[in-house]
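Below is the file run21.txt, which contains compact mmCIF, C-alpha atoms and all ligand atoms.
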```txt
# COMPACT_ATOMS: atom_id res chain seq x y z
CA MET S 1 38.43 59.16 -118.47
CA SER S 2 41.70 60.35 -116.91
CA SER S 3 43.54 57.92 -114.61
CA LYS S 4 42.56 58.18 -110.96
CA ILE S 5 45.19 55.79 -109.64
CA ALA S 6 46.81 57.11 -106.46
CA ALA S 7 50.39 58.34 -106.76
CA ARG S 8 51.47 56.01 -103.95
CA MET S 9 50.87 53.05 -106.27
CA ASP S 10 53.83 54.19 -108.37
CA ARG S 11 56.09 53.78 -105.34
CA MET S 12 55.14 50.13 -104.89
CA VAL S 13 57.33 47.51 -106.50
CA PRO S 14 55.37 44.67 -108.16
CA SER S 15 56.39 41.09 -107.37
CA GLY S 16 59.13 39.96 -109.72
CA ILE S 17 58.41 36.37 -108.72
CA ARG S 18 55.00 36.43 -110.37
CA LYS S 19 56.55 37.82 -113.56
CA ILE S 20 58.80 34.77 -113.93
CA ASN S 21 56.02 32.46 -112.82
CA GLU S 22 53.57 33.85 -115.41
CA LYS S 23 56.16 33.39 -118.15
CA ALA S 24 56.87 29.82 -116.99
CA LEU S 25 53.15 29.02 -116.99
CA ALA S 26 52.76 30.47 -120.47
CA MET S 27 55.59 28.22 -121.67
CA GLU S 28 53.86 25.23 -120.10
CA ARG S 29 50.67 26.08 -121.96
CA GLN S 30 52.77 25.78 -125.13
CA GLY S 31 53.73 22.24 -124.08
CA GLU S 32 57.19 22.91 -122.54
CA LYS S 33 58.19 21.06 -119.37
CA VAL S 34 59.36 23.76 -116.97
CA LEU S 35 60.87 22.98 -113.57
CA HIS S 36 59.62 25.41 -110.94
CA PHE S 37 62.04 26.75 -108.38
CA GLU S 38 60.65 30.27 -108.29
CA ILE S 39 57.76 30.14 -105.83
CA GLY S 40 58.34 30.38 -102.09
CA ARG S 41 55.77 27.94 -100.86
CA PRO S 42 55.95 24.41 -99.48
CA ASP S 43 55.38 21.69 -102.08
CA PHE S 44 53.97 19.39 -99.37
CA ASP S 45 50.26 19.05 -98.68
CA THR S 46 48.92 20.34 -95.35
CA PRO S 47 49.22 17.45 -92.84
CA GLU S 48 46.07 15.34 -92.52
CA TYR S 49 45.47 16.03 -88.79
CA ILE S 50 45.21 19.75 -89.59
CA LYS S 51 42.79 19.20 -92.46
CA LYS S 52 40.63 17.00 -90.23
CA ALA S 53 40.36 19.81 -87.67
CA ALA S 54 39.13 22.09 -90.46
CA TYR S 55 36.50 19.56 -91.66
CA LYS S 56 35.35 19.22 -88.04
CA ALA S 57 35.10 22.99 -87.60
CA ILE S 58 32.89 23.19 -90.69
CA GLU S 59 30.68 20.31 -89.49
CA GLU S 60 30.33 21.95 -86.09
CA GLY S 61 29.19 25.19 -87.70
CA LYS S 62 32.28 27.21 -86.76
CA VAL S 63 31.70 29.22 -89.86
CA HIS S 64 31.16 32.71 -88.46
CA TYR S 65 33.30 35.69 -87.52
CA THR S 66 35.47 35.07 -84.49
CA SER S 67 36.77 37.72 -82.10
CA ASN S 68 38.80 40.20 -84.15
CA PHE S 69 41.83 39.26 -82.07
CA GLY S 70 41.40 35.57 -82.95
CA THR S 71 39.84 32.83 -80.85
CA MET S 72 41.03 32.75 -77.26
CA GLU S 73 41.97 29.03 -77.65
CA LEU S 74 44.28 29.82 -80.55
CA ARG S 75 45.80 32.88 -78.85
CA GLN S 76 46.47 30.71 -75.80
CA ALA S 77 48.01 27.94 -77.95
CA ILE S 78 50.26 30.51 -79.64
CA ALA S 79 51.32 31.91 -76.24
CA ASP S 80 52.07 28.33 -75.06
CA LYS S 81 54.12 27.67 -78.20
CA LEU S 82 56.08 30.90 -77.78
CA LEU S 83 56.97 29.90 -74.22
CA ARG S 84 57.77 26.26 -75.08
CA GLU S 85 59.79 26.81 -78.25
CA ASN S 86 60.90 30.43 -78.17
CA HIS S 87 61.34 30.96 -74.43
CA VAL S 88 59.25 34.13 -74.30
CA ALA S 89 56.33 34.36 -71.85
CA TYR S 90 53.44 36.06 -73.63
CA LYS S 91 49.90 36.32 -72.31
CA PRO S 92 47.21 35.39 -74.85
CA THR S 93 46.15 39.04 -74.78
CA GLU S 94 49.58 39.87 -76.19
CA VAL S 95 48.80 37.87 -79.34
CA LEU S 96 46.83 39.00 -82.40
CA VAL S 97 45.84 36.41 -84.99
CA ALA S 98 45.96 37.72 -88.57
CA ALA S 99 44.86 36.63 -92.02
CA GLY S 100 48.37 35.45 -92.92
CA LEU S 101 51.64 36.93 -91.78
CA SER S 102 51.42 39.45 -94.62
CA GLU S 103 48.37 40.95 -92.94
CA ALA S 104 50.17 40.96 -89.60
CA VAL S 105 53.08 42.87 -91.18
CA LEU S 106 50.68 45.47 -92.54
CA SER S 107 48.96 45.82 -89.13
CA VAL S 108 52.28 46.27 -87.33
CA LEU S 109 53.66 48.84 -89.75
CA VAL S 110 50.42 50.83 -89.93
CA THR S 111 50.45 50.95 -86.13
CA ILE S 112 54.00 52.20 -85.69
CA LEU S 113 55.00 54.19 -88.77
CA ASP S 114 54.12 57.84 -89.34
CA PRO S 115 54.98 59.54 -92.65
CA ASP S 116 58.74 60.30 -92.84
CA ASP S 117 59.61 57.80 -90.11
CA GLU S 118 62.52 55.56 -90.98
CA ILE S 119 62.63 51.82 -90.61
CA LEU S 120 65.75 49.71 -91.09
CA ILE S 121 65.18 46.69 -93.30
CA PRO S 122 67.50 44.01 -94.69
CA ASP S 123 68.71 44.03 -98.28
CA PRO S 124 67.89 41.60 -99.80
CA VAL S 125 64.54 40.81 -98.19
CA TRP S 126 60.96 39.67 -98.83
CA LEU S 127 59.42 42.67 -100.60
CA ASN S 128 56.63 43.60 -98.19
CA TYR S 129 59.16 45.20 -95.86
CA LEU S 130 60.02 47.61 -98.66
CA ASN S 131 56.55 48.18 -100.06
CA VAL S 132 54.49 48.69 -96.92
CA PRO S 133 56.68 51.53 -95.57
CA TYR S 134 56.46 53.14 -99.04
CA LEU S 135 52.70 52.82 -98.95
CA LEU S 136 52.63 54.59 -95.59
CA GLY S 137 54.89 57.42 -96.73
CA ALA S 138 57.64 56.18 -94.41
CA LYS S 139 61.22 55.57 -95.49
CA PRO S 140 62.71 52.08 -95.59
CA VAL S 141 66.47 52.33 -95.02
CA GLN S 142 68.25 49.22 -96.17
CA TYR S 143 71.14 47.46 -94.47
CA GLU S 144 73.12 44.85 -96.35
CA LEU S 145 73.22 41.12 -95.86
CA LYS S 146 76.35 40.03 -97.65
CA GLU S 147 77.60 36.66 -98.77
CA GLU S 148 81.12 37.41 -97.49
CA ASN S 149 79.59 38.05 -94.06
CA ASP S 150 77.65 34.75 -94.18
CA TYR S 151 74.48 36.83 -94.61
CA GLN S 152 74.74 38.15 -91.06
CA LEU S 153 73.90 41.78 -90.47
CA ASN S 154 76.77 44.17 -89.83
CA ILE S 155 76.33 45.94 -86.51
CA GLU S 156 78.52 48.92 -87.46
CA GLU S 157 76.44 49.48 -90.58
CA ILE S 158 73.23 49.34 -88.54
CA LYS S 159 74.61 51.90 -86.10
CA SER S 160 75.62 54.21 -88.95
CA LYS S 161 72.11 54.07 -90.44
CA ILE S 162 70.18 54.92 -87.28
CA SER S 163 68.92 58.52 -87.30
CA ASP S 164 66.59 60.47 -85.04
CA LYS S 165 63.78 59.41 -87.38
CA THR S 166 64.43 55.67 -87.00
CA LYS S 167 61.62 53.85 -85.24
CA ALA S 168 62.29 50.20 -85.81
CA ILE S 169 64.62 47.56 -87.19
CA VAL S 170 63.27 44.61 -89.16
CA ILE S 171 65.04 41.27 -88.98
CA VAL S 172 64.04 38.18 -90.90
CA THR S 173 65.65 35.01 -89.56
CA PRO S 174 65.89 32.57 -91.27
CA ASN S 175 65.89 34.98 -94.18
CA ASN S 176 64.10 35.01 -97.50
CA PRO S 177 65.93 35.05 -99.96
CA THR S 178 69.36 34.33 -98.42
CA GLY S 179 68.49 31.40 -96.14
CA GLY S 180 70.80 33.04 -93.58
CA VAL S 181 70.13 32.54 -89.87
CA LEU S 182 71.21 35.32 -87.49
CA THR S 183 73.53 34.01 -84.79
CA ARG S 184 73.18 34.59 -81.06
CA PRO S 185 76.16 37.01 -80.79
CA VAL S 186 74.75 39.12 -83.64
CA LEU S 187 71.29 39.19 -82.08
CA GLU S 188 72.74 40.09 -78.70
CA GLU S 189 74.61 43.02 -80.23
CA LEU S 190 71.51 44.11 -82.10
CA ALA S 191 69.48 43.92 -78.89
CA ARG S 192 71.98 46.20 -77.14
CA ILE S 193 71.67 48.74 -79.96
CA ALA S 194 67.87 48.58 -80.00
CA ILE S 195 67.80 49.20 -76.26
CA SER S 196 70.37 51.99 -76.26
CA HIS S 197 68.60 53.82 -79.14
CA ASP S 198 65.12 52.99 -77.82
CA LEU S 199 64.06 51.26 -81.04
CA LEU S 200 61.41 48.68 -81.79
CA VAL S 201 62.41 45.38 -83.40
CA ILE S 202 60.20 43.54 -85.85
CA ALA S 203 61.30 39.90 -85.91
CA ASP S 204 59.90 37.86 -88.78
CA GLU S 205 60.32 34.22 -87.75
CA VAL S 206 58.06 32.56 -90.31
CA TYR S 207 60.85 30.14 -91.36
CA GLU S 208 61.98 29.30 -87.81
CA ARG S 209 60.99 25.63 -87.98
CA LEU S 210 62.78 25.14 -91.30
CA ILE S 211 66.21 25.11 -89.78
CA TYR S 212 68.95 22.65 -90.64
CA ASP S 213 71.82 21.01 -88.85
CA GLY S 214 74.34 23.36 -87.41
CA SER S 215 71.94 26.31 -87.10
CA GLU S 216 69.96 27.48 -84.11
CA HIS S 217 66.92 29.73 -84.25
CA ILE S 218 66.85 32.39 -81.54
CA SER S 219 63.91 34.70 -80.93
CA ILE S 220 65.26 38.15 -80.18
CA ALA S 221 62.29 38.73 -77.83
CA SER S 222 63.81 36.11 -75.52
CA LEU S 223 66.91 38.25 -74.88
CA PRO S 224 66.94 40.43 -71.75
CA GLY S 225 65.01 43.69 -72.12
CA MET S 226 63.71 42.82 -75.59
CA LYS S 227 60.18 41.51 -75.14
CA GLU S 228 58.81 44.97 -74.43
CA ARG S 229 60.18 46.35 -77.74
CA THR S 230 59.77 43.36 -80.07
CA PHE S 231 57.02 42.34 -82.45
CA THR S 232 57.43 38.59 -82.92
CA LEU S 233 55.84 37.69 -86.25
CA ASN S 234 55.09 34.18 -87.33
CA GLY S 235 52.49 32.11 -89.13
CA MET S 236 51.47 28.68 -90.28
CA SER S 237 52.29 29.07 -93.99
CA LYS S 238 55.74 27.55 -94.11
CA ALA S 239 56.17 25.09 -91.22
CA TYR S 240 52.74 23.50 -91.58
CA ALA S 241 52.42 23.85 -95.35
CA MET S 242 49.36 26.05 -94.81
CA ASP S 243 50.14 29.02 -97.07
CA GLY S 244 46.72 28.94 -98.71
CA TRP S 245 44.89 28.97 -95.37
CA ARG S 246 46.06 32.53 -94.61
CA LEU S 247 46.94 32.34 -90.95
CA GLY S 248 49.61 34.32 -89.14
CA TYR S 249 50.11 36.11 -85.88
CA VAL S 250 51.98 38.79 -84.02
CA ALA S 251 53.01 38.78 -80.37
CA ALA S 252 53.80 42.17 -78.84
CA PRO S 253 53.06 44.32 -75.78
CA GLU S 254 49.32 44.59 -75.22
CA GLU S 255 49.22 48.33 -75.83
CA TYR S 256 50.31 47.69 -79.44
CA ILE S 257 48.05 44.66 -79.88
CA LEU S 258 45.03 46.78 -78.95
CA LYS S 259 45.94 49.45 -81.50
CA MET S 260 46.81 46.92 -84.21
CA ASN S 261 43.48 45.26 -83.68
CA VAL S 262 41.68 48.49 -84.54
CA PHE S 263 43.33 48.48 -87.96
CA HIS S 264 42.94 44.71 -88.37
CA GLN S 265 39.19 45.00 -87.55
CA HIS S 266 38.70 47.35 -90.46
CA ASN S 267 41.10 45.58 -92.78
CA ALA S 268 40.40 41.87 -92.35
CA THR S 269 37.82 41.65 -89.51
CA CYS S 270 39.37 38.38 -88.38
CA ALA S 271 41.31 35.45 -89.74
CA SER S 272 39.13 32.68 -91.21
CA SER S 273 37.34 30.78 -88.43
CA ILE S 274 38.08 27.48 -90.15
CA ALA S 275 41.75 28.28 -90.62
CA GLN S 276 41.94 29.24 -86.94
CA ALA S 277 40.49 25.87 -85.87
CA ALA S 278 43.03 24.18 -88.16
CA GLY S 279 45.85 26.34 -86.78
CA LEU S 280 44.89 25.38 -83.25
CA ALA S 281 45.22 21.72 -84.18
CA ALA S 282 48.52 22.43 -85.98
CA LEU S 283 50.03 23.80 -82.78
CA THR S 284 48.50 21.44 -80.24
CA GLN S 285 48.35 18.05 -82.00
CA GLU S 286 51.61 17.98 -83.93
CA GLY S 287 53.32 14.60 -84.28
CA ASP S 288 56.41 14.26 -86.45
CA GLU S 289 54.86 15.82 -89.58
CA VAL S 290 56.94 19.01 -89.54
CA GLU S 291 60.13 17.15 -88.68
CA GLU S 292 59.58 14.84 -91.66
CA MET S 293 59.18 17.78 -94.02
CA VAL S 294 62.30 19.41 -92.57
CA ARG S 295 64.30 16.21 -93.08
CA GLU S 296 63.25 16.13 -96.72
CA TYR S 297 64.05 19.83 -97.23
CA GLN S 298 67.47 19.18 -95.76
CA ARG S 299 68.10 16.21 -98.10
CA ARG S 300 67.25 18.42 -101.08
CA ARG S 301 69.32 21.32 -99.77
CA ASP S 302 72.36 19.08 -99.29
CA TYR S 303 72.08 17.70 -102.82
CA ALA S 304 71.53 21.09 -104.45
CA VAL S 305 74.30 22.93 -102.59
CA LYS S 306 76.83 20.25 -103.57
CA ALA S 307 75.64 20.10 -107.19
CA ILE S 308 75.63 23.90 -107.61
CA ASN S 309 79.12 24.27 -106.21
CA GLU S 310 80.36 21.66 -108.69
CA ILE S 311 79.25 23.87 -111.59
CA ASP S 312 82.03 26.04 -112.92
CA GLY S 313 80.84 29.67 -112.97
CA VAL S 314 78.31 29.68 -110.12
CA SER S 315 78.50 29.05 -106.38
CA CYS S 316 76.43 29.26 -103.21
CA LEU S 317 76.68 29.15 -99.44
CA CYS S 318 74.83 26.42 -97.60
CA PRO S 319 71.65 28.03 -96.18
CA GLY S 320 71.03 27.38 -92.49
CA GLY S 321 67.27 27.78 -92.80
CA ALA S 322 64.20 28.45 -94.98
CA PHE S 323 63.97 26.69 -98.37
CA TYR S 324 66.02 28.97 -100.56
CA ILE S 325 69.51 28.83 -102.03
CA ILE S 326 70.87 32.10 -103.26
CA ILE S 327 73.28 31.37 -106.11
CA ASN S 328 76.14 33.70 -106.96
CA VAL S 329 76.10 34.23 -110.75
CA LYS S 330 78.50 37.19 -110.90
CA LYS S 331 81.05 35.28 -113.00
CA LEU S 332 78.51 34.99 -115.81
CA GLY S 333 78.89 38.74 -116.36
CA MET S 334 75.24 39.51 -116.98
CA PRO S 335 72.45 40.95 -114.81
CA SER S 336 70.56 38.47 -112.63
CA SER S 337 67.34 39.11 -114.55
CA GLN S 338 69.03 38.14 -117.82
CA VAL S 339 70.48 35.00 -116.25
CA CYS S 340 66.97 34.00 -115.12
CA GLU S 341 65.51 34.70 -118.55
CA TYR S 342 68.24 32.62 -120.17
CA LEU S 343 67.67 29.75 -117.74
CA LEU S 344 63.93 29.81 -118.32
CA GLU S 345 64.17 30.01 -122.10
CA HIS S 346 67.10 27.66 -122.68
CA ALA S 347 67.02 25.24 -119.72
CA LYS S 348 63.28 25.46 -118.84
CA VAL S 349 64.23 26.15 -115.25
CA ALA S 350 62.35 28.91 -113.38
CA MET S 351 64.35 30.80 -110.74
CA VAL S 352 64.09 34.43 -109.66
CA PRO S 353 66.62 37.26 -109.94
CA GLY S 354 68.04 38.27 -106.56
CA ASN S 355 67.64 41.99 -107.26
CA ILE S 356 63.85 41.73 -106.97
CA PHE S 357 64.55 41.46 -103.22
CA GLY S 358 66.66 44.64 -103.23
CA GLN S 359 69.81 45.87 -104.94
CA GLY S 360 71.92 43.69 -102.62
CA GLY S 361 70.51 40.69 -104.47
CA GLU S 362 71.96 41.76 -107.85
CA GLY S 363 74.50 39.18 -109.01
CA TYR S 364 72.47 36.37 -107.42
CA ILE S 365 69.50 34.23 -108.34
CA ARG S 366 67.18 32.48 -105.89
CA MET S 367 66.34 28.81 -106.15
CA SER S 368 63.58 27.45 -103.95
CA PHE S 369 64.08 23.84 -102.92
CA ALA S 370 60.42 23.46 -102.08
CA SER S 371 60.24 21.17 -105.08
CA SER S 372 60.67 17.39 -105.30
CA TYR S 373 64.11 15.78 -104.93
CA GLU S 374 63.81 14.45 -108.52
CA ASN S 375 63.08 17.96 -109.82
CA ILE S 376 66.07 19.28 -107.94
CA VAL S 377 68.39 16.65 -109.39
CA GLU S 378 67.11 17.38 -112.91
CA GLY S 379 67.09 21.15 -112.28
CA CYS S 380 70.72 21.19 -111.15
CA ALA S 381 71.73 19.17 -114.22
CA ARG S 382 69.92 21.65 -116.49
CA LEU S 383 71.50 24.55 -114.62
CA GLY S 384 74.95 23.00 -115.12
CA LYS S 385 74.45 22.66 -118.88
CA ALA S 386 73.05 26.18 -119.28
CA VAL S 387 75.87 27.72 -117.25
CA ALA S 388 78.47 25.85 -119.31
CA GLU S 389 76.94 27.35 -122.47
CA LEU S 390 76.92 30.81 -120.96
CA MET S 391 80.57 30.49 -119.88
CA LYS S 392 81.53 29.74 -123.50
CA LYS S 393 79.92 33.00 -124.73
C1 LIG S 401 59.93 36.44 -94.78
C2 LIG S 401 58.48 36.24 -95.06
N1 LIG S 401 57.57 36.74 -94.21
C3 LIG S 401 56.25 36.57 -94.42
C4 LIG S 401 55.78 35.88 -95.53
C5 LIG S 401 54.30 35.77 -95.77
O1 LIG S 401 53.71 34.80 -95.02
P1 LIG S 401 52.14 34.54 -95.13
O2 LIG S 401 51.92 33.50 -96.16
O3 LIG S 401 51.77 34.04 -93.78
O4 LIG S 401 51.48 35.82 -95.45
C6 LIG S 401 56.69 35.34 -96.44
C7 LIG S 401 56.20 34.64 -97.63
O5 LIG S 401 56.92 34.23 -98.50
C8 LIG S 401 58.07 35.53 -96.19
O6 LIG S 401 58.98 35.04 -97.04
```
Once more with this new file: its structure as structure tokens, please.
Ligand SMILES: Cc1ncc(COP(=O)(O)O)c(C=O)c1O
Amino acid sequence: MSSKIAARMDRMVPSGIRKINEKALAMERQGEKVLHFEIGRPDFDTPEYIKKAAYKAIEEGKVHYTSNFGTMELRQAIADKLLRENHVAYKPTEVLVAAGLSEAVLSVLVTILDPDDEILIPDPVWLNYLNVPYLLGAKPVQYELKEENDYQLNIEEIKSKISDKTKAIVIVTPNNPTGGVLTRPVLEELARIAISHDLLVIADEVYERLIYDGSEHISIASLPGMKERTFTLNGMSKAYAMDGWRLGYVAAPEEYILKMNVFHQHNATCASSIAQAAGLAALTQEGDEVEEMVREYQRRRDYAVKAINEIDGVSCLCPGGAFYIIINVKKLGMPSSQVCEYLLEHAKVAMVPGNIFGQGGEGYIRMSFASSYENIVEGCARLGKAVAELMKK
């Protein structure tokens, strides 16, 4: 039979992270001890108080579809959180609960992008912001996040890339893969541009709680005139170590929420009822669980940044947020993908090439520090040895 696969599938870029991960797992099956720094998920377990809320929901028979929008209790708790922590006053009807932030991203982009529309996205960035516009026949236009600019966006570049087809600008702060956190002056400038060009802003804040000393997370929706044009995207995956529960949300003007819900109804129906009960507990009963995880991430980050910068041939900036270090490997004189292959084969260390997040990531590799402190110490030592060998070549 001839292939009936849609042409649009050729435009989608498969996840390069899984490629490295599959290879690492295959090596483990052969008995090798591989250290994993490739996957972007918390290594902590979901806090106990959240799990208990899920057990309770099951026992109470909360096992059916909820409102497509999400339960009103959870939407209210999200609105309360956005006011308390992000200083934006949303009504619960301005919140849509999704089956993970990935589903929220799809719902937002389906709702706003027509074929041939342009959307500005960072380079490098988490791949969905490239793939979903492709899927919709829209055009992602990339703007650079550069090391020499501390991974801030360049306002002049943004201005030069806005056309009459541009509908929205995506920002991811803290960013995956750079760990960069956009500063208030940059966000204020961006807000002015969005307003003067009448653009929407899609603000992915999924790493907002994973923020380390010296950095401040600012929600662009909290700046004057921005709430009406911003989609604030967040979820429970990273802060609450709930990536497997598939729970995310978007806050936006109600007119958009209503339209997004039509797509979300057909796509996911609703987020899992049990995950929603757990997410409600996550937001309303939090003790110091998240802070403890953040303290540990910071301890690992501090160790790794120092150790990496002591290795001759590689270097990195200190990330202000998320759990990624993007390591400059340009001095090694080989493509990032080859560096990662070498590290996996010779040092049994799994990291991902920066270019899988966009061309701006070429010359870099991403290390996730969502792995134990001991693994990070051992991983940096192995990295040091492997780099020394490569420098001799
Ligand atoms: C920037 C960014 N946004 C969204 C997501 C996806 O979040 P979720 O697990 O809620 O779908 C990720 C996952 O790595 C991410 O890095």
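Of the residues under consideration (S:Arg229, S:Asn68, S:Asp164, S:Glu216), S:Arg229 shows the shortest atom-to-atom contact distance to S:Arg192 when counting all atoms listed in the file.
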Who sits within 10 Å of stretch 280-283 of chain S, only C-alpha atoms, same chain under 2 positions skipped, as a PyMOL selection string: chain S and resi 46-54+71+73-78+80-81+236+239-240+242+274-278+285-287+289-290
Near S:Gln265, counting only C-alpha atoms, which residues have an atom at most 12 Å away, once you skip same-chain residues fewer than 3 positions from it, shown as a compact mmCIF listing (two decimals) with C-alpha atoms, keeping the file's coordinate frame?
```txt
# COMPACT_ATOMS: atom_id res chain seq x y z
CA TYR S 65 33.30 35.69 -87.52
CA THR S 66 35.47 35.07 -84.49
CA SER S 67 36.77 37.72 -82.10
CA ASN S 68 38.80 40.20 -84.15
CA PHE S 69 41.83 39.26 -82.07
CA GLY S 70 41.40 35.57 -82.95
CA LEU S 96 46.83 39.00 -82.40
CA VAL S 97 45.84 36.41 -84.99
CA ALA S 98 45.96 37.72 -88.57
CA ALA S 99 44.86 36.63 -92.02
CA GLU S 103 48.37 40.95 -92.94
CA ALA S 104 50.17 40.96 -89.60
CA SER S 107 48.96 45.82 -89.13
CA ILE S 257 48.05 44.66 -79.88
CA LEU S 258 45.03 46.78 -78.95
CA LYS S 259 45.94 49.45 -81.50
CA MET S 260 46.81 46.92 -84.21
CA ASN S 261 43.48 45.26 -83.68
CA VAL S 262 41.68 48.49 -84.54
CA ALA S 268 40.40 41.87 -92.35
CA THR S 269 37.82 41.65 -89.51
CA CYS S 270 39.37 38.38 -88.38
CA ALA S 271 41.31 35.45 -89.74
```
Counting only C-alpha atoms, the residue of S:Arg18, S:His197, S:His87, S:Arg29 that sits nearest S:Pro224: S:His87
Contacts of S:Val250 at 6 Å (all atoms listed in the file; same-chain gap of 3+ positions) as a list in words: Val95, Leu96, Thr232 and Leu233 of chain S
Best match for closeness to ligand LIG 401 (chain S) among S:Gly320, S:Gly244, S:Pro92, S:Gly31, counting all atoms listed in the file: S:Gly244
Point-to-point distance in Å for atom CA of S:Asn154 and atom CA of S:Pro133: 22.2 Å
Atom CA of S:Leu127 to atom CA of S:Val13, straight-line distance in Å: 7.9 Å
Please report as JSON lines every residue of chain S lying within 9 Å of ligand LIG 401 (chain S), along with the nearest atom pair and their distance in Å (one decimal), using only C-alpha atoms and all ligand atoms.
```
{"residue": "S:Ile39", "atom": "CA", "partner": "S:LIG401", "partner_atom": "O5", "distance": 8.4}
{"residue": "S:Gly40", "atom": "CA", "partner": "S:LIG401", "partner_atom": "O5", "distance": 5.5}
{"residue": "S:Arg41", "atom": "CA", "partner": "S:LIG401", "partner_atom": "O5", "distance": 6.8}
{"residue": "S:Ala98", "atom": "CA", "partner": "S:LIG401", "partner_atom": "O3", "distance": 8.6}
{"residue": "S:Ala99", "atom": "CA", "partner": "S:LIG401", "partner_atom": "O4", "distance": 7.5}
{"residue": "S:Gly100", "atom": "CA", "partner": "S:LIG401", "partner_atom": "O3", "distance": 3.8}
{"residue": "S:Leu101", "atom": "CA", "partner": "S:LIG401", "partner_atom": "O3", "distance": 3.5}
{"residue": "S:Ser102", "atom": "CA", "partner": "S:LIG401", "partner_atom": "O4", "distance": 3.7}
{"residue": "S:Glu103", "atom": "CA", "partner": "S:LIG401", "partner_atom": "O4", "distance": 6.5}
{"residue": "S:Ala104", "atom": "CA", "partner": "S:LIG401", "partner_atom": "O4", "distance": 7.9}
{"residue": "S:Val105", "atom": "CA", "partner": "S:LIG401", "partner_atom": "C3", "distance": 7.8}
{"residue": "S:Val125", "atom": "CA", "partner": "S:LIG401", "partner_atom": "C1", "distance": 7.2}
{"residue": "S:Trp126", "atom": "CA", "partner": "S:LIG401", "partner_atom": "C1", "distance": 5.3}
{"residue": "S:Leu127", "atom": "CA", "partner": "S:LIG401", "partner_atom": "O6", "distance": 8.4}
{"residue": "S:Asn128", "atom": "CA", "partner": "S:LIG401", "partner_atom": "C3", "distance": 8.0}
{"residue": "S:Tyr129", "atom": "CA", "partner": "S:LIG401", "partner_atom": "N1", "distance": 8.8}
{"residue": "S:Val172", "atom": "CA", "partner": "S:LIG401", "partner_atom": "C1", "distance": 5.9}
{"residue": "S:Thr173", "atom": "CA", "partner": "S:LIG401", "partner_atom": "C1", "distance": 7.9}
{"residue": "S:Pro174", "atom": "CA", "partner": "S:LIG401", "partner_atom": "C1", "distance": 7.9}
{"residue": "S:Asn175", "atom": "CA", "partner": "S:LIG401", "partner_atom": "C1", "distance": 6.2}
{"residue": "S:Asn176", "atom": "CA", "partner": "S:LIG401", "partner_atom": "O6", "distance": 5.1}
{"residue": "S:Pro177", "atom": "CA", "partner": "S:LIG401", "partner_atom": "O6", "distance": 7.5}
{"residue": "S:Asp204", "atom": "CA", "partner": "S:LIG401", "partner_atom": "N1", "distance": 6.0}
{"residue": "S:Glu205", "atom": "CA", "partner": "S:LIG401", "partner_atom": "C1", "distance": 7.4}
{"residue": "S:Val206", "atom": "CA", "partner": "S:LIG401", "partner_atom": "N1", "distance": 5.7}
{"residue": "S:Tyr207", "atom": "CA", "partner": "S:LIG401", "partner_atom": "C1", "distance": 7.2}
{"residue": "S:Leu233", "atom": "CA", "partner": "S:LIG401", "partner_atom": "N1", "distance": 8.2}
{"residue": "S:Asn234", "atom": "CA", "partner": "S:LIG401", "partner_atom": "O3", "distance": 7.3}
{"residue": "S:Gly235", "atom": "CA", "partner": "S:LIG401", "partner_atom": "O3", "distance": 5.1}
{"residue": "S:Met236", "atom": "CA", "partner": "S:LIG401", "partner_atom": "O3", "distance": 6.4}
{"residue": "S:Ser237", "atom": "CA", "partner": "S:LIG401", "partner_atom": "O2", "distance": 4.9}
{"residue": "S:Lys238", "atom": "CA", "partner": "S:LIG401", "partner_atom": "O2", "distance": 7.4}
{"residue": "S:Met242", "atom": "CA", "partner": "S:LIG401", "partner_atom": "O2", "distance": 8.0}
{"residue": "S:Asp243", "atom": "CA", "partner": "S:LIG401", "partner_atom": "O2", "distance": 4.9}
{"residue": "S:Gly244", "atom": "CA", "partner": "S:LIG401", "partner_atom": "O2", "distance": 7.4}
{"residue": "S:Trp245", "atom": "CA", "partner": "S:LIG401", "partner_atom": "O2", "distance": 8.4}
{"residue": "S:Arg246", "atom": "CA", "partner": "S:LIG401", "partner_atom": "O3", "distance": 6.0}
{"residue": "S:Leu247", "atom": "CA", "partner": "S:LIG401", "partner_atom": "O3", "distance": 5.9}
{"residue": "S:Gly248", "atom": "CA", "partner": "S:LIG401", "partner_atom": "O3", "distance": 5.1}
{"residue": "S:Tyr249", "atom": "CA", "partner": "S:LIG401", "partner_atom": "O3", "distance": 8.3}
{"residue": "S:Ala322", "atom": "CA", "partner": "S:LIG401", "partner_atom": "O6", "distance": 8.7}
```
Contacts of S:Val349 at 7 Å (all atoms listed in the file; same-chain gap of 6+ positions) as a ChimeraX atom specification: /S:34-36,343,379
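The nearest approach to S:Ile119 among the residues S:Ala57, S:Val63, S:Ile202, S:Met27, with only C-alpha atoms taken into account, belongs to S:Ile202.
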